[in-house]
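Below: the structure, in structure tokens.
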Amino acid sequence: MSTKEEKLPKGWSKVFSQSKNRHYFSHVESKHTQWHFPSATDVADPHKAKQRVKDAGSSSSSKRPSQESAPSSKRTKVDSSSTSTSTSASSTASTAAAKNNNSNTKSGSSVAIIVPYRDVHQAQNRAAHLSQFLPYMHTFLRNQMNKGLLADYHIYIIEQTDDQRKFNRGKLLNIGFDLARKGSCRAGGGGGGGGRKEHDVFIFHDVDLLPCDALGVEYAKFPQRPLHIARVWDRYSNNPKYFGGIVSFSAQDMMRINGYPNTFWGGGGEVDTDNKG
């Protein structure tokens, strides 16, 4: 793979953040800054790119707390050296991102969307995925609420710190499950605080997958057994042993299999192991 750095588009500059110990990109005229290398869309209209980041950041950002009253958002960073078990993921050194709303095919059930996340590789462009994912998912889930399919939901973005270790998807999902089950990130405090019911549907979700509206019923239904929502894409259905992308669990099933393995570094292996349960 070539190590040659891409040439910056006109009007853009690369700046080093001392506090974050990483580079970011700035557009002088619009005073817009972003972590990912400017895409063709960003270059075509930096002002719109700035607005997109602002819209996404208002709902979930490590710098800006959400200004929304209903679906709230918050991001949690996780040191990969922290311990977590599946049934009770110990989130000692964790940081997670969250968002609110509830699921209802089982009348009034509550859905937790749990997203493992880290943005350290420029080629993967995870920051751009996240900035698209959050507003899209809010719209998607609110549409299901308007149809009467969902009663409430909450999105948890579980972010691994840049700790020089490989990505540990399983551990992040376990920590997210623990936070979601306790409900400590939700408005009104833990459990069913603030008049909210405890989550009974837990959807583990990759940040680069965006569902079409027709999949709303899959997000809303209570999983009598683990449900592989991402099977609708060929990428996830061709291998019968693969169980990743987007999957839905009840709390009981997640605890029965003792959650995801914490021992797979680099991603991938935990979804195959999970399918053996």
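Labels for the structure tokens follow display order: chains A, B, ..., residues from 1 in each chain, ligands from 1.
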Enumerate the residues of stretch 142-240 of chain A with a DSSP assignment of alpha helix (DSSP H), computed from the backbone, and present them as a PDB file with C-alpha atoms, in the first residue's frame.
```pdb
ATOM      1  CA  ARG A 142     -38.237   8.280  14.780  1.00  0.00           C
ATOM      2  CA  ASN A 143     -40.003   7.145  11.618  1.00  0.00           C
ATOM      3  CA  GLN A 144     -40.594   3.770  13.280  1.00  0.00           C
ATOM      4  CA  MET A 145     -41.945   5.571  16.343  1.00  0.00           C
ATOM      5  CA  ASN A 146     -44.317   7.577  14.158  1.00  0.00           C
ATOM      6  CA  ARG A 169     -15.111  -5.181  19.234  1.00  0.00           C
ATOM      7  CA  GLY A 170     -16.331  -7.850  21.660  1.00  0.00           C
ATOM      8  CA  LYS A 171     -15.183  -6.005  24.755  1.00  0.00           C
ATOM      9  CA  LEU A 172     -16.771  -2.748  23.555  1.00  0.00           C
ATOM     10  CA  LEU A 173     -20.089  -4.514  22.934  1.00  0.00           C
ATOM     11  CA  ASN A 174     -20.000  -6.101  26.395  1.00  0.00           C
ATOM     12  CA  ILE A 175     -19.376  -2.730  28.011  1.00  0.00           C
ATOM     13  CA  GLY A 176     -22.160  -1.178  25.932  1.00  0.00           C
ATOM     14  CA  PHE A 177     -24.541  -3.947  26.983  1.00  0.00           C
ATOM     15  CA  ASP A 178     -23.654  -3.381  30.627  1.00  0.00           C
ATOM     16  CA  LEU A 179     -24.234   0.385  30.352  1.00  0.00           C
ATOM     17  CA  ALA A 180     -27.490  -0.111  28.452  1.00  0.00           C
ATOM     18  CA  ARG A 181     -28.782  -2.702  30.916  1.00  0.00           C
ATOM     19  CA  LYS A 182     -28.044  -0.406  33.859  1.00  0.00           C
ATOM     20  CA  GLY A 216     -37.865  -0.956  10.818  1.00  0.00           C
ATOM     21  CA  VAL A 217     -39.953  -3.939  11.933  1.00  0.00           C
ATOM     22  CA  GLU A 218     -36.743  -5.944  12.536  1.00  0.00           C
ATOM     23  CA  TYR A 219     -35.489  -3.248  14.910  1.00  0.00           C
ATOM     24  CA  ALA A 220     -38.837  -3.090  16.667  1.00  0.00           C
ATOM     25  CA  ASP A 234     -25.024 -10.529   0.773  1.00  0.00           C
ATOM     26  CA  ARG A 235     -21.848  -9.574   2.602  1.00  0.00           C
ATOM     27  CA  TYR A 236     -23.345 -10.951   5.825  1.00  0.00           C
ATOM     28  CA  SER A 237     -25.502 -13.802   4.535  1.00  0.00           C
TER      29      SER A 237
END
```
>> Applying 8 Å and only C-alpha atoms, which residues near A:Pro116 remain after dropping the ones on its own chain fewer than 5 positions away? List them as a PyMOL selection string.
In response: chain A and resi 157-160+169+172-173+205-207
Output of the above residues as a short mmCIF file (atom, residue, chain, number, x, y, z; two decimals), in the first residue's frame, restricted to all heavy atoms:
```cif
data_model
loop_
_atom_site.label_atom_id
_atom_site.label_comp_id
_atom_site.auth_asym_id
_atom_site.auth_seq_id
_atom_site.Cartn_x
_atom_site.Cartn_y
_atom_site.Cartn_z
N ILE A 157 -22.74 4.91 21.71
CA ILE A 157 -21.51 4.81 20.93
C ILE A 157 -20.38 4.49 21.91
O ILE A 157 -20.02 5.32 22.74
CB ILE A 157 -21.20 6.12 20.18
CG1 ILE A 157 -22.41 6.59 19.37
CG2 ILE A 157 -19.96 5.96 19.30
CD1 ILE A 157 -22.87 5.63 18.30
N ILE A 158 -19.81 3.29 21.82
CA ILE A 158 -18.78 2.86 22.75
C ILE A 158 -17.44 2.96 22.04
O ILE A 158 -17.13 2.18 21.13
CB ILE A 158 -19.01 1.42 23.23
CG1 ILE A 158 -20.48 1.22 23.64
CG2 ILE A 158 -18.07 1.08 24.38
CD1 ILE A 158 -20.94 2.08 24.79
N GLU A 159 -16.63 3.93 22.44
CA GLU A 159 -15.41 4.27 21.72
C GLU A 159 -14.16 3.80 22.45
O GLU A 159 -13.95 4.14 23.62
CB GLU A 159 -15.33 5.79 21.51
CG GLU A 159 -14.11 6.23 20.71
CD GLU A 159 -14.11 7.73 20.47
OE1 GLU A 159 -14.94 8.44 21.06
OE2 GLU A 159 -13.25 8.18 19.68
N GLN A 160 -13.33 3.02 21.77
CA GLN A 160 -12.06 2.57 22.34
C GLN A 160 -11.03 3.69 22.20
O GLN A 160 -10.92 4.31 21.16
CB GLN A 160 -11.56 1.31 21.63
CG GLN A 160 -10.27 0.75 22.21
CD GLN A 160 -9.89 -0.58 21.56
OE1 GLN A 160 -10.77 -1.36 21.19
NE2 GLN A 160 -8.61 -0.84 21.41
N ARG A 169 -13.67 -5.38 19.44
CA ARG A 169 -15.11 -5.18 19.23
C ARG A 169 -15.94 -5.85 20.32
O ARG A 169 -16.90 -5.28 20.83
CB ARG A 169 -15.49 -5.73 17.85
CG ARG A 169 -16.94 -5.50 17.44
CD ARG A 169 -17.15 -6.01 16.01
NE ARG A 169 -18.49 -5.71 15.55
CZ ARG A 169 -19.55 -6.50 15.77
NH1 ARG A 169 -19.40 -7.64 16.44
NH2 ARG A 169 -20.74 -6.16 15.30
N LEU A 172 -15.96 -3.97 23.66
CA LEU A 172 -16.77 -2.75 23.55
C LEU A 172 -18.27 -3.07 23.62
O LEU A 172 -19.04 -2.37 24.27
CB LEU A 172 -16.45 -2.00 22.26
CG LEU A 172 -15.02 -1.48 22.09
CD1 LEU A 172 -14.89 -0.74 20.78
CD2 LEU A 172 -14.61 -0.59 23.25
N LEU A 173 -18.67 -4.14 22.93
CA LEU A 173 -20.09 -4.51 22.93
C LEU A 173 -20.53 -4.97 24.32
O LEU A 173 -21.65 -4.66 24.76
CB LEU A 173 -20.35 -5.61 21.91
CG LEU A 173 -20.14 -5.21 20.44
CD1 LEU A 173 -20.37 -6.40 19.51
CD2 LEU A 173 -21.06 -4.05 20.05
N HIS A 205 -24.55 -2.98 16.61
CA HIS A 205 -24.66 -2.35 15.30
C HIS A 205 -23.34 -1.75 14.84
O HIS A 205 -22.74 -0.95 15.53
CB HIS A 205 -25.70 -1.22 15.42
CG HIS A 205 -26.43 -0.88 14.17
ND1 HIS A 205 -25.81 -0.44 13.02
CD2 HIS A 205 -27.77 -0.88 13.90
CE1 HIS A 205 -26.73 -0.19 12.10
NE2 HIS A 205 -27.92 -0.46 12.60
N ASP A 206 -22.86 -2.13 13.64
CA ASP A 206 -21.68 -1.50 13.05
C ASP A 206 -22.03 -0.08 12.61
O ASP A 206 -23.16 0.19 12.18
CB ASP A 206 -21.17 -2.30 11.86
CG ASP A 206 -20.44 -3.57 12.28
OD1 ASP A 206 -20.28 -3.78 13.51
OD2 ASP A 206 -20.06 -4.36 11.39
N VAL A 207 -21.03 0.82 12.68
CA VAL A 207 -21.27 2.24 12.39
C VAL A 207 -21.41 2.52 10.90
O VAL A 207 -21.93 3.57 10.51
CB VAL A 207 -20.14 3.10 13.01
CG1 VAL A 207 -18.84 2.94 12.21
CG2 VAL A 207 -20.54 4.56 13.13
#
```
> Pick from A:Pro226, A:Tyr242, A:Ile203, A:Tyr24: nearest to A:Arg256, with only C-alpha atoms counted?
Replying inline: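 The answer is A:Pro226, which sits nearest to A:Arg256.
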> If you measure from atom CA of A:Val201 to atom CA of A:Ile246, what distance in Å do you get, rounded to one decimal?
Replying inline: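 According to the coordinates, atom CA of A:Val201 and atom CA of A:Ile246 are separated by 12.7 Å.
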>> So that I can check the surroundings of A:Asn125, please list as a PyMOL selection string every protein, DNA and RNA residue that reaches within 10 Å of it, counting only C-alpha atoms and ignoring chain neighbours fewer than 4 positions away.
In response: chain A and resi 35-37+39+118-121+129-130+208
N, CA, C and O atoms of the current selection, written as a CSV table (one decimal), in the first residue's frame:
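Contents of out32.csv, freshly written:
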```csv
chain,number,residue,atom,x,y,z
A,35,TRP,N,-12.1,15.8,11.5
A,35,TRP,CA,-11.0,14.8,11.7
A,35,TRP,C,-10.6,14.1,10.4
A,35,TRP,O,-9.5,13.8,10.2
A,36,HIS,N,-11.6,13.8,9.6
A,36,HIS,CA,-11.3,13.0,8.4
A,36,HIS,C,-10.8,13.8,7.2
A,36,HIS,O,-11.1,15.0,7.1
A,37,PHE,N,-10.0,13.2,6.3
A,37,PHE,CA,-9.6,13.9,5.1
A,37,PHE,C,-10.8,14.4,4.3
A,37,PHE,O,-11.7,13.6,4.2
A,39,SER,N,-13.6,14.9,1.9
A,39,SER,CA,-14.1,14.1,0.8
A,39,SER,C,-14.5,15.0,-0.4
A,39,SER,O,-14.5,16.2,-0.2
A,118,ARG,N,-14.1,3.3,16.9
A,118,ARG,CA,-12.8,3.9,17.1
A,118,ARG,C,-12.3,4.5,15.7
A,118,ARG,O,-12.5,3.9,14.7
A,119,ASP,N,-11.8,5.7,15.8
A,119,ASP,CA,-11.3,6.3,14.5
A,119,ASP,C,-9.8,6.6,14.6
A,119,ASP,O,-9.4,7.7,15.1
A,120,VAL,N,-9.0,5.7,14.2
A,120,VAL,CA,-7.6,5.9,14.2
A,120,VAL,C,-7.0,5.6,12.8
A,120,VAL,O,-5.8,6.1,12.5
A,121,HIS,N,-7.7,5.0,11.9
A,121,HIS,CA,-7.1,4.7,10.6
A,121,HIS,C,-7.8,5.6,9.5
A,121,HIS,O,-9.1,5.4,9.3
A,129,HIS,N,-18.2,8.1,8.9
A,129,HIS,CA,-19.3,7.2,9.1
A,129,HIS,C,-20.2,7.6,10.3
A,129,HIS,O,-21.4,7.6,10.2
A,130,LEU,N,-19.6,8.0,11.4
A,130,LEU,CA,-20.3,8.3,12.6
A,130,LEU,C,-21.2,9.6,12.4
A,130,LEU,O,-22.3,9.6,12.8
A,208,ASP,N,-21.0,1.6,10.0
A,208,ASP,CA,-21.0,1.8,8.6
A,208,ASP,C,-22.2,1.2,7.9
A,208,ASP,O,-22.2,1.1,6.7
```
>> Which residues are near A:Val15? Cut-off 8 Å, only C-alpha atoms, ignore same chain within fewer than 3 positions. Put them as an NGL selection string.
In response: :A and (23-26)
>> as an MDAnalysis selection string, please: the residues near A:Gly11 (cut-off 8 Å, only C-alpha atoms, same-chain neighbours under 4 positions excluded).
In response: chainID A and resid 27:29
